[in-house]
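Visitor: So that you have it, the file is query09.pdb, and it contains PDB, C-alpha atoms:
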```
ATOM      1  CA  ASP J 486     -50.843 -96.902 152.208  1.00  0.00           C
ATOM      2  CA  GLU J 487     -49.338 -98.252 148.971  1.00  0.00           C
ATOM      3  CA  LYS J 488     -48.703 -94.696 147.731  1.00  0.00           C
ATOM      4  CA  GLY J 489     -47.124 -93.576 151.002  1.00  0.00           C
ATOM      5  CA  LEU J 490     -49.967 -91.195 151.862  1.00  0.00           C
ATOM      6  CA  SER J 491     -50.498 -92.464 155.394  1.00  0.00           C
ATOM      7  CA  SER J 492     -48.379 -92.117 158.506  1.00  0.00           C
ATOM      8  CA  LYS J 493     -47.547 -95.382 160.256  1.00  0.00           C
ATOM      9  CA  LEU J 494     -47.958 -95.078 164.000  1.00  0.00           C
ATOM     10  CA  ASN J 495     -47.556 -97.464 166.850  1.00  0.00           C
ATOM     11  CA  THR J 496     -49.282 -95.514 169.578  1.00  0.00           C
ATOM     12  CA  SER J 497     -51.062 -97.629 172.154  1.00  0.00           C
ATOM     13  CA  VAL J 498     -52.683 -97.651 175.579  1.00  0.00           C
ATOM     14  CA  THR J 499     -53.232-100.765 177.733  1.00  0.00           C
ATOM     15  CA  HIS J 500     -55.706-101.216 180.587  1.00  0.00           C
ATOM     16  CA  GLU J 501     -56.480-104.529 182.313  1.00  0.00           C
ATOM     17  CA  GLY J 502     -54.602-106.523 179.652  1.00  0.00           C
ATOM     18  CA  PHE J 503     -56.530-104.922 176.767  1.00  0.00           C
ATOM     19  CA  THR J 504     -54.454-102.848 174.325  1.00  0.00           C
ATOM     20  CA  LEU J 505     -55.873-100.280 171.934  1.00  0.00           C
ATOM     21  CA  ASN J 506     -53.339 -99.432 169.213  1.00  0.00           C
ATOM     22  CA  VAL J 507     -53.480 -96.643 166.595  1.00  0.00           C
ATOM     23  CA  THR J 508     -51.641 -98.120 163.632  1.00  0.00           C
ATOM     24  CA  GLU J 509     -52.058 -95.568 160.879  1.00  0.00           C
ATOM     25  CA  VAL J 510     -53.445 -92.103 160.114  1.00  0.00           C
ATOM     26  CA  VAL J 511     -54.053 -90.231 156.868  1.00  0.00           C
ATOM     27  CA  TYR J 512     -55.129 -86.604 156.468  1.00  0.00           C
ATOM     28  CA  ASP J 513     -55.532 -84.876 153.131  1.00  0.00           C
ATOM     29  CA  GLY J 514     -56.519 -81.389 154.307  1.00  0.00           C
ATOM     30  CA  THR J 515     -60.206 -82.340 154.453  1.00  0.00           C
ATOM     31  CA  ARG J 516     -60.660 -85.899 155.687  1.00  0.00           C
ATOM     32  CA  VAL J 517     -58.963 -87.786 158.524  1.00  0.00           C
ATOM     33  CA  ALA J 518     -58.874 -91.607 158.597  1.00  0.00           C
ATOM     34  CA  ILE J 519     -57.464 -93.511 161.570  1.00  0.00           C
ATOM     35  CA  GLY J 520     -56.728 -97.242 161.750  1.00  0.00           C
ATOM     36  CA  ILE J 521     -57.193 -98.821 165.190  1.00  0.00           C
ATOM     37  CA  GLU J 522     -56.528-102.373 166.428  1.00  0.00           C
ATOM     38  CA  ARG J 523     -57.142-104.191 169.702  1.00  0.00           C
ATOM     39  CA  HIS J 524     -55.025-106.812 171.396  1.00  0.00           C
ATOM     40  CA  HIS J 525     -56.393-109.036 174.186  1.00  0.00           C
ATOM     41  CA  LYS J 526     -54.703-110.528 177.181  1.00  0.00           C
ATOM     42  CA  GLU J 527     -54.120-114.281 177.035  1.00  0.00           C
ATOM     43  CA  GLY J 528     -57.458-116.101 176.776  1.00  0.00           C
ATOM     44  CA  GLY J 529     -59.410-112.836 176.475  1.00  0.00           C
ATOM     45  CA  ASN J 530     -60.769-113.225 172.964  1.00  0.00           C
ATOM     46  CA  SER J 531     -64.034-111.353 172.327  1.00  0.00           C
ATOM     47  CA  LYS J 532     -66.643-112.359 169.776  1.00  0.00           C
ATOM     48  CA  GLU J 533     -67.746-108.722 169.562  1.00  0.00           C
ATOM     49  CA  SER J 534     -66.077-106.557 166.943  1.00  0.00           C
ATOM     50  CA  LEU J 535     -63.820-103.755 168.155  1.00  0.00           C
ATOM     51  CA  SER J 536     -66.322-101.121 166.965  1.00  0.00           C
ATOM     52  CA  ASP J 537     -69.091-102.855 168.963  1.00  0.00           C
ATOM     53  CA  GLN J 538     -66.920-102.793 172.114  1.00  0.00           C
ATOM     54  CA  MET J 539     -66.224 -99.063 171.832  1.00  0.00           C
ATOM     55  CA  SER J 540     -68.553 -96.400 173.250  1.00  0.00           C
ATOM     56  CA  ASN J 541     -68.383 -92.777 174.399  1.00  0.00           C
ATOM     57  CA  ILE J 542     -66.073 -92.008 171.470  1.00  0.00           C
ATOM     58  CA  GLU J 543     -64.793 -88.436 171.564  1.00  0.00           C
ATOM     59  CA  PHE J 544     -62.134 -86.611 169.569  1.00  0.00           C
ATOM     60  CA  LEU J 545     -60.256 -83.507 170.692  1.00  0.00           C
ATOM     61  CA  LEU J 546     -58.418 -81.334 168.182  1.00  0.00           C
ATOM     62  CA  ASN J 547     -55.510 -79.573 169.931  1.00  0.00           C
ATOM     63  CA  GLY J 548     -57.357 -80.101 173.222  1.00  0.00           C
ATOM     64  CA  GLU J 549     -60.709 -78.719 172.010  1.00  0.00           C
ATOM     65  CA  PRO J 550     -63.716 -81.006 171.445  1.00  0.00           C
ATOM     66  CA  LEU J 551     -64.783 -81.459 167.841  1.00  0.00           C
ATOM     67  CA  ASN J 552     -68.402 -80.464 167.445  1.00  0.00           C
ATOM     68  CA  HIS J 553     -70.912 -80.633 164.617  1.00  0.00           C
ATOM     69  CA  THR J 554     -70.185 -77.062 163.523  1.00  0.00           C
ATOM     70  CA  ASN J 555     -66.640 -77.933 162.479  1.00  0.00           C
ATOM     71  CA  PHE J 556     -66.682 -81.616 161.524  1.00  0.00           C
ATOM     72  CA  SER J 557     -68.886 -84.170 159.805  1.00  0.00           C
ATOM     73  CA  GLY J 558     -69.276 -86.609 162.662  1.00  0.00           C
ATOM     74  CA  VAL J 559     -67.414 -89.891 162.897  1.00  0.00           C
ATOM     75  CA  PHE J 560     -67.981 -92.679 160.396  1.00  0.00           C
ATOM     76  CA  ILE J 561     -66.841 -96.129 161.447  1.00  0.00           C
ATOM     77  CA  GLN J 562     -65.622 -98.166 158.481  1.00  0.00           C
ATOM     78  CA  PRO J 563     -65.066-101.916 158.324  1.00  0.00           C
ATOM     79  CA  SER J 564     -61.481-103.096 158.420  1.00  0.00           C
ATOM     80  CA  LYS J 565     -59.515-106.268 157.805  1.00  0.00           C
ATOM     81  CA  ASP J 566     -61.101-108.198 160.719  1.00  0.00           C
ATOM     82  CA  ASN J 567     -63.119-107.873 163.959  1.00  0.00           C
ATOM     83  CA  ASN J 568     -60.012-106.763 165.878  1.00  0.00           C
ATOM     84  CA  SER J 569     -59.618-103.533 163.910  1.00  0.00           C
ATOM     85  CA  THR J 570     -61.669-100.606 162.679  1.00  0.00           C
ATOM     86  CA  ILE J 571     -61.241 -97.340 160.784  1.00  0.00           C
ATOM     87  CA  PHE J 572     -62.590 -93.985 161.978  1.00  0.00           C
ATOM     88  CA  GLU J 573     -63.191 -91.296 159.367  1.00  0.00           C
ATOM     89  CA  PHE J 574     -64.357 -87.719 159.629  1.00  0.00           C
ATOM     90  CA  ALA J 575     -64.012 -84.515 157.628  1.00  0.00           C
ATOM     91  CA  ASP J 576     -64.032 -80.803 158.236  1.00  0.00           C
ATOM     92  CA  LEU J 577     -66.999 -78.739 157.046  1.00  0.00           C
ATOM     93  CA  LYS J 578     -65.141 -75.964 155.228  1.00  0.00           C
ATOM     94  CA  ASN J 579     -67.193 -76.605 152.088  1.00  0.00           C
ATOM     95  CA  GLN J 580     -70.360 -76.078 154.151  1.00  0.00           C
ATOM     96  CA  GLY J 581     -69.395 -72.851 155.898  1.00  0.00           C
ATOM     97  CA  GLY J 582     -67.403 -74.412 158.745  1.00  0.00           C
ATOM     98  CA  GLY J 583     -63.751 -73.818 159.471  1.00  0.00           C
ATOM     99  CA  PRO J 584     -60.944 -75.948 158.041  1.00  0.00           C
ATOM    100  CA  PHE J 585     -58.765 -78.184 160.161  1.00  0.00           C
ATOM    101  CA  PRO J 586     -55.165 -76.921 160.609  1.00  0.00           C
ATOM    102  CA  LYS J 587     -52.349 -78.329 158.440  1.00  0.00           C
ATOM    103  CA  GLN J 588     -50.962 -80.136 161.506  1.00  0.00           C
ATOM    104  CA  PHE J 589     -52.666 -80.881 164.791  1.00  0.00           C
ATOM    105  CA  ASN J 590     -52.782 -83.210 167.743  1.00  0.00           C
ATOM    106  CA  LEU J 591     -55.877 -85.384 167.832  1.00  0.00           C
ATOM    107  CA  THR J 592     -56.873 -87.092 171.071  1.00  0.00           C
ATOM    108  CA  LEU J 593     -59.139 -90.132 170.931  1.00  0.00           C
ATOM    109  CA  SER J 594     -61.042 -90.900 174.109  1.00  0.00           C
ATOM    110  CA  THR J 595     -63.247 -93.991 174.357  1.00  0.00           C
ATOM    111  CA  THR J 596     -64.493 -96.642 176.735  1.00  0.00           C
ATOM    112  CA  ILE J 597     -64.286-100.368 176.049  1.00  0.00           C
ATOM    113  CA  THR J 598     -66.913-102.838 177.217  1.00  0.00           C
ATOM    114  CA  GLY J 599     -65.659-104.661 180.323  1.00  0.00           C
ATOM    115  CA  ILE J 600     -62.746-102.262 180.998  1.00  0.00           C
ATOM    116  CA  SER J 601     -63.272 -99.825 183.870  1.00  0.00           C
ATOM    117  CA  GLU J 602     -60.749 -97.149 182.851  1.00  0.00           C
ATOM    118  CA  SER J 603     -61.284 -95.092 179.683  1.00  0.00           C
ATOM    119  CA  PHE J 604     -58.676 -95.067 176.907  1.00  0.00           C
ATOM    120  CA  LYS J 605     -57.026 -91.820 175.758  1.00  0.00           C
ATOM    121  CA  ILE J 606     -54.602 -91.822 172.853  1.00  0.00           C
ATOM    122  CA  ASP J 607     -52.791 -88.816 171.348  1.00  0.00           C
ATOM    123  CA  ILE J 608     -52.457 -88.986 167.566  1.00  0.00           C
ATOM    124  CA  PRO J 609     -50.200 -86.599 165.600  1.00  0.00           C
ATOM    125  CA  VAL J 610     -51.909 -85.586 162.329  1.00  0.00           C
ATOM    126  CA  SER J 611     -50.229 -83.884 159.318  1.00  0.00           C
ATOM    127  CA  ASP J 612     -51.682 -82.855 155.966  1.00  0.00           C
ATOM    128  CA  ILE J 613     -50.261 -84.851 153.027  1.00  0.00           C
ATOM    129  CA  GLY J 614     -50.509 -81.651 150.925  1.00  0.00           C
ATOM    130  CA  ASN J 615     -50.865 -82.600 147.278  1.00  0.00           C
ATOM    131  CA  TYR J 616     -54.281 -81.296 146.269  1.00  0.00           C
ATOM    132  CA  VAL J 617     -55.899 -79.266 143.499  1.00  0.00           C
ATOM    133  CA  ASN J 618     -58.461 -76.585 144.261  1.00  0.00           C
ATOM    134  CA  LEU J 619     -60.715 -75.504 141.365  1.00  0.00           C
ATOM    135  CA  GLN J 620     -63.356 -72.772 141.503  1.00  0.00           C
ATOM    136  CA  PRO J 621     -65.411 -73.184 138.324  1.00  0.00           C
ATOM    137  CA  ASN J 622     -68.487 -71.211 139.489  1.00  0.00           C
ATOM    138  CA  VAL J 623     -70.556 -72.913 136.784  1.00  0.00           C
ATOM    139  CA  SER J 624     -74.336 -72.448 137.051  1.00  0.00           C
ATOM    140  CA  ARG J 625     -77.334 -73.989 135.346  1.00  0.00           C
ATOM    141  CA  LYS J 626     -80.983 -72.973 135.660  1.00  0.00           C
ATOM    142  CA  TYR J 627     -84.106 -75.087 135.439  1.00  0.00           C
ATOM    143  CA  ASN J 628     -87.547 -73.611 136.137  1.00  0.00           C
ATOM    144  CA  ASN J 629     -87.126 -71.648 139.384  1.00  0.00           C
ATOM    145  CA  ILE J 630     -83.892 -73.407 140.476  1.00  0.00           C
ATOM    146  CA  GLN J 631     -80.309 -72.263 139.980  1.00  0.00           C
ATOM    147  CA  PHE J 632     -77.641 -74.876 140.695  1.00  0.00           C
ATOM    148  CA  THR J 633     -73.991 -73.749 140.981  1.00  0.00           C
ATOM    149  CA  ILE J 634     -70.787 -75.738 141.351  1.00  0.00           C
ATOM    150  CA  GLU J 635     -68.671 -73.321 143.381  1.00  0.00           C
ATOM    151  CA  GLN J 636     -65.563 -75.343 144.203  1.00  0.00           C
ATOM    152  CA  ILE J 637     -63.979 -78.731 143.563  1.00  0.00           C
ATOM    153  CA  MET J 638     -61.100 -79.900 145.734  1.00  0.00           C
ATOM    154  CA  LEU J 639     -59.254 -83.008 144.565  1.00  0.00           C
ATOM    155  CA  THR J 640     -56.799 -84.937 146.703  1.00  0.00           C
ATOM    156  CA  PRO J 641     -55.374 -88.413 146.148  1.00  0.00           C
ATOM    157  CA  ILE J 642     -58.100 -89.800 148.478  1.00  0.00           C
ATOM    158  CA  THR J 643     -61.002 -87.301 148.507  1.00  0.00           C
ATOM    159  CA  THR J 644     -63.089 -85.371 146.012  1.00  0.00           C
ATOM    160  CA  SER J 645     -64.988 -82.548 147.682  1.00  0.00           C
ATOM    161  CA  ILE J 646     -67.564 -80.633 145.645  1.00  0.00           C
ATOM    162  CA  THR J 647     -69.132 -77.449 147.015  1.00  0.00           C
ATOM    163  CA  THR J 648     -72.481 -76.635 145.433  1.00  0.00           C
ATOM    164  CA  ARG J 649     -75.187 -74.037 145.962  1.00  0.00           C
ATOM    165  CA  THR J 650     -78.854 -74.320 145.092  1.00  0.00           C
ATOM    166  CA  ALA J 651     -80.950 -71.155 144.952  1.00  0.00           C
ATOM    167  CA  LEU J 652     -84.615 -70.503 144.215  1.00  0.00           C
ATOM    168  CA  LEU J 653     -84.984 -67.740 141.636  1.00  0.00           C
ATOM    169  CA  ASP J 654     -88.504 -66.666 142.560  1.00  0.00           C
ATOM    170  CA  LYS J 655     -90.178 -65.888 145.877  1.00  0.00           C
ATOM    171  CA  SER J 656     -91.028 -69.541 146.591  1.00  0.00           C
ATOM    172  CA  THR J 657     -89.601 -71.167 149.694  1.00  0.00           C
ATOM    173  CA  SER J 658     -89.402 -74.750 148.501  1.00  0.00           C
ATOM    174  CA  VAL J 659     -89.009 -76.884 145.424  1.00  0.00           C
ATOM    175  CA  ASP J 660     -91.946 -78.855 144.053  1.00  0.00           C
ATOM    176  CA  SER J 661     -91.471 -82.448 145.244  1.00  0.00           C
ATOM    177  CA  ARG J 662     -91.814 -83.635 141.635  1.00  0.00           C
ATOM    178  CA  GLN J 663     -88.671 -81.684 140.736  1.00  0.00           C
ATOM    179  CA  ARG J 664     -86.155 -83.934 142.454  1.00  0.00           C
ATOM    180  CA  MET J 665     -82.526 -83.055 142.020  1.00  0.00           C
ATOM    181  CA  SER J 666     -79.738 -85.585 141.974  1.00  0.00           C
ATOM    182  CA  ILE J 667     -76.044 -85.275 141.293  1.00  0.00           C
ATOM    183  CA  GLU J 668     -73.875 -87.815 139.512  1.00  0.00           C
ATOM    184  CA  VAL J 669     -70.097 -87.511 139.314  1.00  0.00           C
ATOM    185  CA  PHE J 670     -68.143 -89.277 136.571  1.00  0.00           C
ATOM    186  CA  ASP J 671     -64.390 -89.647 136.238  1.00  0.00           C
TER     187      ASP J 671
END
```
Write the structure described by the file as C-alpha cells, please.

Guide:
Amino acid sequence: DEKGLSSKLNTSVTHEGFTLNVTEVVYDGTRVAIGIERHHKEGGNSKESLSDQMSNIEFLLNGEPLNHTNFSGVFIQPSKDNNSTIFEFADLKNQGGGPFPKQFNLTLSTTITGISESFKIDIPVSDIGNYVNLQPNVSRKYNNIQFTIEQIMLTPITTSITTRTALLDKSTSVDSRQRMSIEVFD
C-alpha cells in the first residue's frame, strides 16, 4: 500500500443491514491479495471474526471457477481487526499450471452466518507489472538426487522459486534419512 502497489476499491454488497466491502486488491502476476471489511447494522455487532462468519467461499476468474489445477487454494490472513480479513491465492504456473491473465474480473461469492442471501462481489484485478524473471538452471547432485533451480521470479511482494528434484538411479523414493530442506537468504 505504501509503495502504491495495490488498487484501492470501494466495492460493496449489503444484505439485511450487513455490508461486505472489498477495500483493496494487489496482484503481482502470481499472487492475488484482497482486503475485505464488514459493516453491521446498528446494534448488530458480532463477536465472531469476519473470517469465522464466512463460509462457502468461491472465486470465479472471468466467470470460470478457480480449481486446484490452476490456483493454490485460498489462504485467509489476519488483518487489522475482527471486522476485516485478507484473502490470498496464487496461480500454479511454477508447478505446471496455467498463469492468471494480466487483467481479469474476479468474482467473490460467499455466505455470511445469519444472512439468508449469499454475497457476490465483482473485483477488477490488474497486474502491477514490475517483476524480474531469472532462469538459472543451476543443478547440484548428492548421492542419487539431482536438485535443480529452474526459475526465480521476483516481484515487489512475492519471490517464486521453481525447483525440480530427480532421482538419478532406478529407485522410486529417497531414503528417509536423506531429508532435503531449502533455505532462502536475501

Visitor: To verify the selection step, state as a list in words which residues the PyMOL selection byres ((chain J and resi 544) around 7) yields on this input.

Guide: Ile542, Glu543, Leu545, Leu546, Pro550, Leu551, Leu591, Thr592, Leu593 and Ser594 of chain J

Visitor: Can you pull out the residues contacting segment 493-498 of chain J? Cut-off 6 Å, using all atoms listed in the file, and skip same-chain residues under 4 positions away; I want them as a list in words.

Guide: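 Answer for this query is Thr504, Leu505, Asn506, Val507, Thr508 and Glu509 of chain J.
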
Visitor: Nearest residue to Val510 of chain J out of J:Ser611, J:Asn568, J:Asn552, J:Thr596, using only C-alpha atoms?

Guide: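 Selected residue with least distance to Val510 of chain J: J:Ser611.
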
Visitor: What separation in Å, quoted to one decimal, exists between atom CA of Thr515 of chain J and atom CA of Ser624 of chain J?

Guide: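 Value for the atom CA of Thr515 of chain J-atom CA of Ser624 of chain J distance: 24.5 Å.
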
Visitor: Expand the PyMOL selection byres ((chain J and resi 577-582) around 7) into the individual residues it matches in the shown file, reporting them as a PyMOL selection string.

Guide: chain J and resi 554-557+575-576+583-584+647

Visitor: Which residues match the PyMOL selection byres ((chain J and resi 617-622) around 8) in the file above, as number ranges by chain?

Guide: J: 615-616, 623-624, 633-640

Visitor: Which residues are near Glu501 of chain J? Cut-off 10 Å, all atoms listed in the file, ignore same chain within fewer than 5 positions. Put them as JSON, numbers by chain.

Guide: {"J": [525, 526, 599, 600, 601, 602]}

Visitor: Using Å and a single decimal, report how far atom CA of Ser534 of chain J sits from atom CA of Asp566 of chain J.

Guide: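 Spanning atom CA of Asp566 of chain J to atom CA of Ser534 of chain J is a straight-line distance of 8.1 Å.
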
Visitor: Which value, in Å to one decimal, gives the distance between atom CA of Phe589 of chain J and atom CA of Asp612 of chain J?

Guide: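 Atom CA of Asp612 of chain J lies 9.1 Å from atom CA of Phe589 of chain J.
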
Visitor: Hey, could you pull the box centre and edge lengths for segment 585-598 of chain J, axis-aligned, 6 Å padding per side, all listed atoms, to one decimal in Å, as AutoDock Vina command-line options?

Guide:
```
--center_x -58.9 --center_y -89.9 --center_z 167.8 --size_x 28.0 --size_y 37.9 --size_z 30.8
```

Visitor: Of the candidates J:Glu573, J:Ile521, J:Thr650, J:Thr499, which one gets nearest to Met665 of chain J if we count only C-alpha atoms?

Guide: J:Thr650

Visitor: Can segment 516-527 of chain J be brought up to all heavy atoms and written out as a PDB file, in the coordinates of the input?

Guide:
```
ATOM      1  N   ARG J 516     -60.191 -84.686 155.019  1.00  0.00           N
ATOM      2  CA  ARG J 516     -60.660 -85.899 155.687  1.00  0.00           C
ATOM      3  C   ARG J 516     -59.527 -86.552 156.480  1.00  0.00           C
ATOM      4  O   ARG J 516     -58.391 -86.610 156.016  1.00  0.00           O
ATOM      5  CB  ARG J 516     -61.191 -86.877 154.642  1.00  0.00           C
ATOM      6  CG  ARG J 516     -61.721 -88.147 155.231  1.00  0.00           C
ATOM      7  CD  ARG J 516     -62.458 -89.008 154.242  1.00  0.00           C
ATOM      8  NE  ARG J 516     -61.792 -89.139 152.965  1.00  0.00           N
ATOM      9  CZ  ARG J 516     -62.002 -90.155 152.136  1.00  0.00           C
ATOM     10  NH1 ARG J 516     -62.847 -91.094 152.455  1.00  0.00           N
ATOM     11  NH2 ARG J 516     -61.375 -90.207 150.989  1.00  0.00           N
ATOM     12  N   VAL J 517     -59.892 -87.054 157.669  1.00  0.00           N
ATOM     13  CA  VAL J 517     -58.963 -87.786 158.524  1.00  0.00           C
ATOM     14  C   VAL J 517     -59.458 -89.229 158.607  1.00  0.00           C
ATOM     15  O   VAL J 517     -60.647 -89.463 158.833  1.00  0.00           O
ATOM     16  CB  VAL J 517     -58.924 -87.181 159.952  1.00  0.00           C
ATOM     17  CG1 VAL J 517     -58.010 -87.995 160.855  1.00  0.00           C
ATOM     18  CG2 VAL J 517     -58.492 -85.723 159.918  1.00  0.00           C
ATOM     19  N   ALA J 518     -58.553 -90.184 158.415  1.00  0.00           N
ATOM     20  CA  ALA J 518     -58.874 -91.607 158.597  1.00  0.00           C
ATOM     21  C   ALA J 518     -57.837 -92.195 159.545  1.00  0.00           C
ATOM     22  O   ALA J 518     -56.635 -91.951 159.399  1.00  0.00           O
ATOM     23  CB  ALA J 518     -58.859 -92.346 157.263  1.00  0.00           C
ATOM     24  N   ILE J 519     -58.328 -92.962 160.524  1.00  0.00           N
ATOM     25  CA  ILE J 519     -57.464 -93.511 161.570  1.00  0.00           C
ATOM     26  C   ILE J 519     -57.704 -95.008 161.678  1.00  0.00           C
ATOM     27  O   ILE J 519     -58.842 -95.448 161.873  1.00  0.00           O
ATOM     28  CB  ILE J 519     -57.777 -92.853 162.932  1.00  0.00           C
ATOM     29  CG1 ILE J 519     -57.606 -91.343 162.838  1.00  0.00           C
ATOM     30  CG2 ILE J 519     -56.901 -93.430 164.031  1.00  0.00           C
ATOM     31  CD1 ILE J 519     -58.286 -90.599 163.952  1.00  0.00           C
ATOM     32  N   GLY J 520     -56.644 -95.796 161.578  1.00  0.00           N
ATOM     33  CA  GLY J 520     -56.728 -97.242 161.750  1.00  0.00           C
ATOM     34  C   GLY J 520     -56.445 -97.612 163.195  1.00  0.00           C
ATOM     35  O   GLY J 520     -55.453 -97.164 163.778  1.00  0.00           O
ATOM     36  N   ILE J 521     -57.319 -98.428 163.786  1.00  0.00           N
ATOM     37  CA  ILE J 521     -57.193 -98.821 165.190  1.00  0.00           C
ATOM     38  C   ILE J 521     -57.308-100.336 165.301  1.00  0.00           C
ATOM     39  O   ILE J 521     -58.132-100.947 164.622  1.00  0.00           O
ATOM     40  CB  ILE J 521     -58.284 -98.143 166.049  1.00  0.00           C
ATOM     41  CG1 ILE J 521     -58.118 -96.631 165.958  1.00  0.00           C
ATOM     42  CG2 ILE J 521     -58.225 -98.613 167.496  1.00  0.00           C
ATOM     43  CD1 ILE J 521     -59.176 -95.859 166.677  1.00  0.00           C
ATOM     44  N   GLU J 522     -56.482-100.932 166.167  1.00  0.00           N
ATOM     45  CA  GLU J 522     -56.528-102.373 166.428  1.00  0.00           C
ATOM     46  C   GLU J 522     -56.610-102.617 167.926  1.00  0.00           C
ATOM     47  O   GLU J 522     -56.173-101.790 168.719  1.00  0.00           O
ATOM     48  CB  GLU J 522     -55.267-103.066 165.905  1.00  0.00           C
ATOM     49  CG  GLU J 522     -55.124-103.069 164.421  1.00  0.00           C
ATOM     50  CD  GLU J 522     -53.842-103.754 163.968  1.00  0.00           C
ATOM     51  OE1 GLU J 522     -52.917-103.961 164.795  1.00  0.00           O
ATOM     52  OE2 GLU J 522     -53.764-104.078 162.786  1.00  0.00           O
ATOM     53  N   ARG J 523     -57.139-103.772 168.293  1.00  0.00           N
ATOM     54  CA  ARG J 523     -57.142-104.191 169.702  1.00  0.00           C
ATOM     55  C   ARG J 523     -56.308-105.451 169.851  1.00  0.00           C
ATOM     56  O   ARG J 523     -56.193-106.252 168.911  1.00  0.00           O
ATOM     57  CB  ARG J 523     -58.567-104.446 170.192  1.00  0.00           C
ATOM     58  CG  ARG J 523     -59.172-105.708 169.589  1.00  0.00           C
ATOM     59  CD  ARG J 523     -60.536-106.019 170.137  1.00  0.00           C
ATOM     60  NE  ARG J 523     -61.131-107.093 169.329  1.00  0.00           N
ATOM     61  CZ  ARG J 523     -62.398-107.375 169.288  1.00  0.00           C
ATOM     62  NH1 ARG J 523     -63.252-106.677 170.010  1.00  0.00           N
ATOM     63  NH2 ARG J 523     -62.844-108.361 168.540  1.00  0.00           N
ATOM     64  N   HIS J 524     -55.753-105.590 171.035  1.00  0.00           N
ATOM     65  CA  HIS J 524     -55.025-106.812 171.396  1.00  0.00           C
ATOM     66  C   HIS J 524     -55.531-107.226 172.769  1.00  0.00           C
ATOM     67  O   HIS J 524     -55.630-106.406 173.672  1.00  0.00           O
ATOM     68  CB  HIS J 524     -53.512-106.564 171.418  1.00  0.00           C
ATOM     69  CG  HIS J 524     -52.974-106.103 170.109  1.00  0.00           C
ATOM     70  ND1 HIS J 524     -52.779-106.931 169.041  1.00  0.00           N
ATOM     71  CD2 HIS J 524     -52.627-104.862 169.685  1.00  0.00           C
ATOM     72  CE1 HIS J 524     -52.323-106.240 168.014  1.00  0.00           C
ATOM     73  NE2 HIS J 524     -52.225-104.982 168.384  1.00  0.00           N
ATOM     74  N   HIS J 525     -55.849-108.511 172.932  1.00  0.00           N
ATOM     75  CA  HIS J 525     -56.393-109.036 174.186  1.00  0.00           C
ATOM     76  C   HIS J 525     -55.299-109.663 175.034  1.00  0.00           C
ATOM     77  O   HIS J 525     -54.283-110.103 174.516  1.00  0.00           O
ATOM     78  CB  HIS J 525     -57.417-110.153 173.904  1.00  0.00           C
ATOM     79  CG  HIS J 525     -58.546-109.738 173.047  1.00  0.00           C
ATOM     80  ND1 HIS J 525     -59.607-109.021 173.514  1.00  0.00           N
ATOM     81  CD2 HIS J 525     -58.797-109.958 171.729  1.00  0.00           C
ATOM     82  CE1 HIS J 525     -60.461-108.820 172.538  1.00  0.00           C
ATOM     83  NE2 HIS J 525     -59.992-109.367 171.448  1.00  0.00           N
ATOM     84  N   LYS J 526     -55.584-109.737 176.319  1.00  0.00           N
ATOM     85  CA  LYS J 526     -54.703-110.528 177.181  1.00  0.00           C
ATOM     86  C   LYS J 526     -54.921-111.997 176.848  1.00  0.00           C
ATOM     87  O   LYS J 526     -55.892-112.362 176.185  1.00  0.00           O
ATOM     88  CB  LYS J 526     -54.993-110.230 178.650  1.00  0.00           C
ATOM     89  CG  LYS J 526     -56.418-110.526 179.078  1.00  0.00           C
ATOM     90  CD  LYS J 526     -56.646-110.078 180.500  1.00  0.00           C
ATOM     91  CE  LYS J 526     -58.136-110.157 180.808  1.00  0.00           C
ATOM     92  NZ  LYS J 526     -58.483-109.548 182.049  1.00  0.00           N
ATOM     93  N   GLU J 527     -54.021-112.836 177.284  1.00  0.00           N
ATOM     94  CA  GLU J 527     -54.120-114.281 177.035  1.00  0.00           C
ATOM     95  C   GLU J 527     -55.499-114.802 177.426  1.00  0.00           C
ATOM     96  O   GLU J 527     -55.969-114.541 178.528  1.00  0.00           O
ATOM     97  CB  GLU J 527     -53.047-115.032 177.834  1.00  0.00           C
ATOM     98  CG  GLU J 527     -51.652-114.930 177.273  1.00  0.00           C
ATOM     99  CD  GLU J 527     -51.478-115.657 175.972  1.00  0.00           C
ATOM    100  OE1 GLU J 527     -52.002-116.779 175.813  1.00  0.00           O
ATOM    101  OE2 GLU J 527     -50.802-115.107 175.086  1.00  0.00           O
TER     102      GLU J 527
END
```
